[in-house]
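For reference, run_5.tsv is printed below; it contains TSV, C-alpha atoms.
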```tsv
chain	number	residue	atom	x	y	z
Q	1	ARG	CA	-40.97	29.21	-36.99
Q	2	ARG	CA	-41.97	27.76	-40.31
Q	3	ALA	CA	-45.06	26.24	-38.75
Q	4	GLY	CA	-46.14	29.61	-37.37
Q	5	ILE	CA	-44.99	28.96	-33.81
Q	6	ASN	CA	-43.69	32.02	-31.99
Q	7	VAL	CA	-40.41	30.69	-30.59
Q	8	LYS	CA	-39.66	33.80	-28.52
Q	9	ALA	CA	-43.04	33.54	-26.82
Q	10	ILE	CA	-42.45	29.87	-26.01
Q	11	TYR	CA	-38.98	30.61	-24.58
Q	12	THR	CA	-40.28	33.54	-22.56
Q	13	SER	CA	-43.24	31.61	-21.17
Q	14	ALA	CA	-40.98	28.66	-20.28
Q	15	PHE	CA	-38.59	30.92	-18.35
Q	16	VAL	CA	-41.46	32.74	-16.63
Q	17	LEU	CA	-43.04	29.43	-15.62
Q	18	CYS	CA	-39.71	28.10	-14.34
Q	19	ALA	CA	-38.99	31.26	-12.34
Q	20	SER	CA	-42.51	31.30	-10.90
Q	21	LEU	CA	-42.27	27.69	-9.77
Q	22	ALA	CA	-38.82	28.33	-8.26
Q	23	ALA	CA	-40.23	31.31	-6.35
Q	24	LEU	CA	-43.17	29.23	-5.16
Q	25	GLY	CA	-40.76	26.52	-4.01
Q	26	GLY	CA	-38.76	29.11	-2.08
Q	27	VAL	CA	-41.86	30.48	-0.41
Q	28	LEU	CA	-43.04	26.99	0.53
Q	29	ALA	CA	-39.59	26.06	1.88
Q	30	ALA	CA	-39.46	29.24	3.97
Q	31	ALA	CA	-42.97	28.59	5.27
Q	32	ARG	CA	-42.15	25.00	6.18
Q	33	LEU	CA	-38.94	25.96	7.98
Q	34	ALA	CA	-40.51	29.10	9.49
Q	35	SER	CA	-37.39	31.02	8.50
Q	36	ALA	CA	-35.63	32.33	5.44
Q	37	SER	CA	-31.98	32.85	4.66
Q	38	GLN	CA	-30.31	34.21	1.58
Q	39	GLN	CA	-27.72	31.45	1.95
Q	40	ALA	CA	-30.36	28.72	1.57
Q	41	GLY	CA	-29.79	26.57	-1.45
Q	42	THR	CA	-26.12	27.40	-1.75
Q	43	GLY	CA	-23.58	24.68	-1.54
Q	44	ASP	CA	-22.26	21.94	-3.70
Q	45	VAL	CA	-25.45	21.11	-5.60
Q	46	ASN	CA	-24.11	22.25	-8.98
Q	47	LEU	CA	-20.75	20.56	-8.45
Q	48	ASN	CA	-22.41	17.29	-7.45
Q	49	ALA	CA	-24.86	17.43	-10.36
Q	50	ILE	CA	-22.13	18.00	-12.94
Q	51	ALA	CA	-19.87	15.39	-11.37
Q	52	ALA	CA	-22.70	12.83	-11.31
Q	53	ALA	CA	-23.50	13.47	-14.98
Q	54	VAL	CA	-19.85	13.19	-16.05
Q	55	ILE	CA	-19.20	10.08	-13.95
Q	56	GLY	CA	-22.40	8.64	-15.40
Q	57	GLY	CA	-20.91	8.93	-18.87
Q	58	THR	CA	-22.26	12.21	-20.24
Q	59	SER	CA	-19.39	13.97	-21.97
Q	60	LEU	CA	-18.62	17.61	-21.26
Q	61	PHE	CA	-17.47	17.85	-24.87
Q	62	GLY	CA	-20.92	17.10	-26.26
Q	63	GLY	CA	-22.90	13.95	-26.58
Q	64	ARG	CA	-25.72	12.19	-24.87
Q	65	GLY	CA	-26.24	10.29	-21.69
Q	66	ASN	CA	-28.99	8.09	-20.39
Q	67	ALA	CA	-30.95	7.88	-17.17
Q	68	TRP	CA	-29.34	4.68	-15.89
Q	69	SER	CA	-25.83	6.08	-16.32
Q	70	ALA	CA	-26.87	9.29	-14.56
Q	71	LEU	CA	-28.30	7.23	-11.71
Q	72	LEU	CA	-25.00	5.37	-11.42
Q	73	GLY	CA	-23.16	8.70	-11.33
Q	74	ILE	CA	-25.48	9.98	-8.60
Q	75	ILE	CA	-24.89	6.85	-6.52
Q	76	VAL	CA	-21.10	7.17	-6.90
Q	77	ILE	CA	-21.02	10.88	-6.02
Q	78	GLN	CA	-23.39	10.46	-3.08
Q	79	SER	CA	-21.36	7.52	-1.78
Q	80	ILE	CA	-18.21	9.63	-1.92
Q	81	ALA	CA	-19.96	12.57	-0.22
Q	82	SER	CA	-21.42	10.36	2.51
Q	83	GLY	CA	-18.08	8.67	3.13
Q	84	LEU	CA	-16.27	11.98	3.40
Q	85	THR	CA	-18.91	13.25	5.81
Q	86	LEU	CA	-18.63	10.10	7.92
Q	87	ILE	CA	-14.88	10.56	8.33
Q	88	ASP	CA	-15.62	14.16	9.38
Q	89	LEU	CA	-13.68	16.06	6.72
Q	90	SER	CA	-14.21	19.79	6.45
Q	91	SER	CA	-16.43	21.09	3.68
Q	92	SER	CA	-13.50	22.62	1.81
Q	93	LEU	CA	-11.75	19.24	1.65
Q	94	ARG	CA	-14.97	17.58	0.51
Q	95	TYR	CA	-15.25	20.15	-2.32
Q	96	MET	CA	-11.64	19.52	-3.32
Q	97	ILE	CA	-12.04	15.76	-3.38
Q	98	THR	CA	-15.29	15.97	-5.34
Q	99	GLY	CA	-13.59	18.36	-7.77
Q	100	ALA	CA	-10.65	15.98	-8.12
Q	101	VAL	CA	-13.02	13.10	-8.90
Q	102	LEU	CA	-14.71	15.31	-11.50
Q	103	ALA	CA	-11.33	16.25	-13.01
Q	104	ILE	CA	-10.31	12.59	-13.21
Q	105	ALA	CA	-13.62	11.73	-14.90
Q	106	VAL	CA	-13.11	14.51	-17.47
Q	107	ILE	CA	-9.53	13.37	-18.16
Q	108	VAL	CA	-10.66	9.76	-18.62
Q	109	ASP	CA	-13.47	10.90	-20.93
Q	110	SER	CA	-11.06	13.04	-22.94
Q	111	LEU	CA	-8.57	10.19	-23.31
Q	112	ALA	CA	-11.34	7.79	-24.30
Q	113	ARG	CA	-12.62	10.22	-26.95
Q	114	ARG	CA	-9.11	10.71	-28.29
Q	115	SER	CA	-8.56	6.95	-28.43
Q	116	ARG	CA	-11.85	6.38	-30.25
Q	117	ALA	CA	-11.05	9.16	-32.71
Q	118	SER	CA	-7.59	7.77	-33.47
Q	119	HIS	CA	-9.05	4.32	-34.09
Q	120	GLY	CA	-11.80	5.71	-36.31
Q	121	ARG	CA	-14.68	4.99	-33.92
Q	122	ALA	CA	-15.65	8.56	-33.18
```
Could you rewrite the structure in this file as structure tokens?
Amino acid sequence: RRAGINVKAIYTSAFVLCASLAALGGVLAAARLASASQQAGTGDVNLNAIAAAVIGGTSLFGGRGNAWSALLGIIVIQSIASGLTLIDLSSSLRYMITGAVLAIAVIVDSLARRSRASHGRA
């Protein structure tokens, strides 16, 4: 703002560009599959992304992560998902197990933060 940059215009153009590219991706996906469904894209993508980030070491309470840790989290979550699919569990059980892994990761992160804070290494 101080440099004369219109922040609202930048935000608006970023959101418009993102939405336009998402729409283009949807059109291309529908064209490639020769069909469209309003259920396309739903599923456990958000749950897996958050779980991978948290398992990779990014704190839900604020902080930073790095690409290698995120990659490790992705590998762990995908290994769990593939294993659960191989043993033919229903999707609801897979969601519950992935959620439990996420909850355990958050608890471990919370306890680690509390321990660091009590020892003065926050």
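Using only C-alpha atoms, the contacts of Q:Tyr95 at a cut-off of 10 Å, with sequence neighbours closer than 3 positions omitted, comprise Gly43, Asp44, Leu47, Asn48, Ala81, Ser90, Ser91, Ser92, Thr98, Gly99, Ala100 and Val101 of chain Q.
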Check: Could you state the separation of atom CA of Q:Asn46 and atom CA of Q:Arg64 in Å, given to one decimal place?
Finding: 18.9 Å
Margin query: Would you compute the distance between atom CA of Q:Leu102 and atom CA of Q:Ser69? Give it in Å to one decimal.
Written below: 15.2 Å
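Taking all atoms listed in the file into account, Q:Ala52 lies nearest to Q:Val106 out of the set Q:Ile87, Q:Arg2, Q:Val106, Q:Leu33.
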Next item on the list: Select, counting only C-alpha atoms, all protein, DNA and RNA residues no farther than 12 Å from (-18.3, 15.3, -26.9) in file coordinates, and express the selection as a PyMOL selection string.
Entry: chain Q and resi 54+57-65+106+109-114+116-117+122
Determine, counting all atoms listed in the file, every residue of protein, DNA or RNA that lies within 7 Å of (-14.1, 13.3, 1.8) in the file coordinates, then give the result as a short mmCIF file (atom, residue, chain, number, x, y, z; two decimals) with C-alpha atoms, in the frame of the given file.
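Writing done, so here's result.cif:
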```cif
data_model
loop_
_atom_site.label_atom_id
_atom_site.label_comp_id
_atom_site.auth_asym_id
_atom_site.auth_seq_id
_atom_site.Cartn_x
_atom_site.Cartn_y
_atom_site.Cartn_z
CA ILE Q 80 -18.21 9.63 -1.92
CA ALA Q 81 -19.96 12.57 -0.22
CA GLY Q 83 -18.08 8.67 3.13
CA LEU Q 84 -16.27 11.98 3.40
CA THR Q 85 -18.91 13.25 5.81
CA LEU Q 89 -13.68 16.06 6.72
CA LEU Q 93 -11.75 19.24 1.65
CA ARG Q 94 -14.97 17.58 0.51
CA ILE Q 97 -12.04 15.76 -3.38
#
```
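The two atoms in question, atom CA of Q:Leu17 and atom CA of Q:Ala31, are spaced 20.9 Å apart.
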